[in-house]
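Colleague: Contents are mmCIF, C-alpha atoms and all ligand atoms; file name target-v5.cif:
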```
data_target
loop_
_atom_site.label_atom_id
_atom_site.label_comp_id
_atom_site.auth_asym_id
_atom_site.auth_seq_id
_atom_site.Cartn_x
_atom_site.Cartn_y
_atom_site.Cartn_z
CA MET K 294 -136.42 131.69 -116.96
CA ARG K 295 -138.86 129.13 -115.67
CA CYS K 296 -138.55 127.49 -112.27
CA GLU K 297 -137.99 123.95 -113.58
CA GLU K 298 -135.33 125.19 -115.96
CA MET K 299 -133.60 127.04 -113.18
CA ARG K 300 -133.68 124.16 -110.74
CA SER K 301 -131.90 121.92 -113.20
CA LEU K 302 -129.05 124.44 -113.10
CA LEU K 303 -128.79 124.91 -109.36
CA ASP K 304 -125.97 122.42 -108.85
CA LEU K 305 -123.82 124.08 -111.46
CA TYR K 306 -124.78 127.47 -110.05
CA LEU K 307 -123.63 126.53 -106.55
CA ASP K 308 -120.44 125.02 -107.95
CA GLY K 309 -119.80 128.31 -109.73
CA GLU K 310 -119.64 126.42 -112.99
CA LEU K 311 -122.50 128.10 -114.75
CA PRO K 312 -121.58 130.42 -117.64
CA GLU K 313 -121.79 134.03 -116.48
CA GLU K 314 -124.85 134.91 -118.53
CA ALA K 315 -126.83 131.96 -117.21
CA ALA K 316 -125.73 132.71 -113.65
CA ARG K 317 -126.97 136.31 -114.03
CA LYS K 318 -130.35 135.11 -115.30
CA LEU K 319 -130.53 132.78 -112.37
CA ASP K 320 -129.65 135.60 -109.95
CA ARG K 321 -132.43 137.72 -111.42
CA HIS K 322 -134.89 134.87 -111.13
CA LEU K 323 -133.93 134.34 -107.49
CA LEU K 324 -134.68 137.99 -106.71
CA ARG K 325 -138.32 137.55 -107.60
CA CYS K 326 -138.95 133.88 -106.85
CA PRO K 327 -139.11 132.95 -103.15
CA ALA K 328 -139.69 129.27 -103.98
CA CYS K 329 -136.42 128.96 -105.90
CA THR K 330 -134.57 131.06 -103.32
CA TYR K 331 -135.74 128.59 -100.70
CA GLU K 332 -134.58 125.75 -102.94
CA VAL K 333 -131.11 127.28 -103.28
CA ARG K 334 -130.78 127.80 -99.53
CA THR K 335 -131.85 124.24 -98.81
CA LEU K 336 -129.41 122.89 -101.36
CA GLU K 337 -126.60 125.03 -99.94
CA GLN K 338 -127.31 123.79 -96.42
CA THR K 339 -127.44 120.18 -97.56
CA ARG K 340 -124.13 120.56 -99.32
CA ALA K 341 -122.53 122.19 -96.28
CA MET K 342 -123.75 119.37 -94.06
CA LEU K 343 -122.44 116.75 -96.48
CA ARG K 344 -119.05 118.41 -96.62
CA GLU K 345 -118.83 118.32 -92.82
CA ALA K 346 -120.19 114.77 -92.50
CA ILE K 347 -117.88 113.13 -94.99
CA GLU K 348 -114.26 112.63 -94.09
CA PRO K 349 -111.85 113.12 -96.94
CA ALA K 350 -110.82 109.72 -98.26
CA ARG K 351 -107.36 108.58 -97.20
CA PRO K 352 -105.68 105.44 -98.44
CA THR K 353 -105.03 102.82 -95.76
CA PRO K 354 -101.40 102.10 -94.87
CA GLY K 355 -99.81 99.93 -97.52
CA PHE K 356 -102.42 100.81 -100.14
CA ARG K 357 -99.87 102.42 -102.41
CA GLU K 358 -97.48 99.46 -102.18
CA ARG K 359 -100.22 96.86 -102.72
CA THR K 360 -101.60 98.76 -105.67
CA LEU K 361 -98.19 99.16 -107.21
CA ALA K 362 -97.52 95.44 -106.74
CA ARG K 363 -100.81 94.54 -108.43
CA LEU K 364 -100.11 96.91 -111.28
CA LEU K 365 -96.70 95.35 -111.77
CA ASP K 366 -98.16 91.82 -111.68
CA THR K 367 -100.66 92.78 -114.33
CA PHE K 368 -98.46 94.79 -116.60
CA GLU K 369 -95.03 93.28 -116.03
CA PRO K 370 -95.13 91.23 -119.26
CA SER K 371 -95.36 94.42 -121.29
CA LEU K 372 -93.04 96.54 -119.17
CA GLN K 373 -89.33 96.60 -118.77
CA MET K 374 -87.61 98.00 -115.74
CA ARG K 375 -84.29 99.68 -116.00
CA PRO K 376 -82.55 102.48 -114.14
CA HIS K 377 -83.59 105.88 -115.34
CA PRO K 378 -80.60 107.35 -117.22
CA GLN K 379 -80.87 110.84 -115.67
CA VAL K 380 -81.77 110.06 -112.08
CA GLY K 381 -79.48 107.07 -111.63
CA ARG K 382 -80.87 104.65 -109.11
CA GLN K 383 -84.57 105.46 -109.44
CA TRP K 384 -86.53 103.04 -111.52
CA SER K 385 -88.69 103.98 -114.38
CA LEU K 386 -91.12 101.89 -116.33
CA GLU K 387 -91.28 102.01 -120.06
CA LEU K 388 -93.61 100.23 -122.38
CA LEU K 389 -91.87 97.75 -124.62
CA GLN K 390 -92.35 98.29 -128.29
CA GLU K 391 -94.44 95.56 -129.77
CA ASP K 392 -92.62 93.91 -132.66
CA SER K 393 -95.05 93.88 -135.50
ZN ZN D 401 -138.49 129.98 -109.47
#
```
Produce structure tokens that represent the structure in this file.
Modeller:
Amino acid sequence: MRCEEMRSLLDLYLDGELPEEAARKLDRHLLRCPACTYEVRTLEQTRAMLREAIEPARPTPGFRERTLARLLDTFEPSLQMRPHPQVGRQWSLELLQEDS
């Protein structure tokens, strides 16, 4: 396996998404290629730093309600609201059948 080929696979490798055979080839290459080993370490460190630096995204208060309201505004003409037969008072949305 050549270095360029292997570097194009590093992201998948670190994500553990590389097929086993390819991952083994890559492991073997790393054993005898200091340059690629260095590359992997650097990439791993960068990823670790990014994970720490970036806060998980959280919706702001009211986001869910505003989004739901906008969805309803947009899709209301093609939706009908009626109480869900099994769960009583909860509302469900069903697409109206288009008369064709
Ligand atoms: Zn290499």
Colleague: Can you list every residue of chain K that has an atom at most 12 Å from ligand ZN 401 (chain D), with its nearest atom pair and the distance in Å to one decimal, using all atoms listed in the file, ordered by chain then number, as CSV?
Modeller:
```
residue,atom,partner,partner_atom,distance
K:Met294,CA,D:ZN401,ZN,8.0
K:Arg295,CA,D:ZN401,ZN,6.3
K:Cys296,CA,D:ZN401,ZN,3.7
K:Glu297,CA,D:ZN401,ZN,7.3
K:Glu298,CA,D:ZN401,ZN,8.7
K:Met299,CA,D:ZN401,ZN,6.8
K:Arg300,CA,D:ZN401,ZN,7.7
K:Ser301,CA,D:ZN401,ZN,11.1
K:Leu302,CA,D:ZN401,ZN,11.5
K:Leu303,CA,D:ZN401,ZN,10.9
K:Lys318,CA,D:ZN401,ZN,11.3
K:Leu319,CA,D:ZN401,ZN,8.9
K:Asp320,CA,D:ZN401,ZN,10.5
K:Arg321,CA,D:ZN401,ZN,10.0
K:His322,CA,D:ZN401,ZN,6.3
K:Leu323,CA,D:ZN401,ZN,6.6
K:Leu324,CA,D:ZN401,ZN,9.3
K:Arg325,CA,D:ZN401,ZN,7.8
K:Cys326,CA,D:ZN401,ZN,4.7
K:Pro327,CA,D:ZN401,ZN,7.0
K:Ala328,CA,D:ZN401,ZN,5.7
K:Cys329,CA,D:ZN401,ZN,4.3
K:Thr330,CA,D:ZN401,ZN,7.4
K:Tyr331,CA,D:ZN401,ZN,9.3
K:Glu332,CA,D:ZN401,ZN,8.7
K:Val333,CA,D:ZN401,ZN,10.0
```
Colleague: Using atom CA of K:Leu307 and atom CA of K:Ala350 as the two end points, give the distance in Å to one decimal.
Modeller: 22.7 Å
Colleague: Just how far from atom CA of K:Ala341 is atom CA of K:Asp304, in Å to one decimal?
Modeller: 13.0 Å
Colleague: Output, as JSON, the centre and edge lengths in Å (one decimal) of the axis-aligned box that contains all listed atoms of stretch 331-346 of chain K with 6 Å of margin on each side.
Modeller:
```
{"center_x": -127.3, "center_y": 121.7, "center_z": -97.9, "size_x": 28.9, "size_y": 25.8, "size_z": 22.8}
```
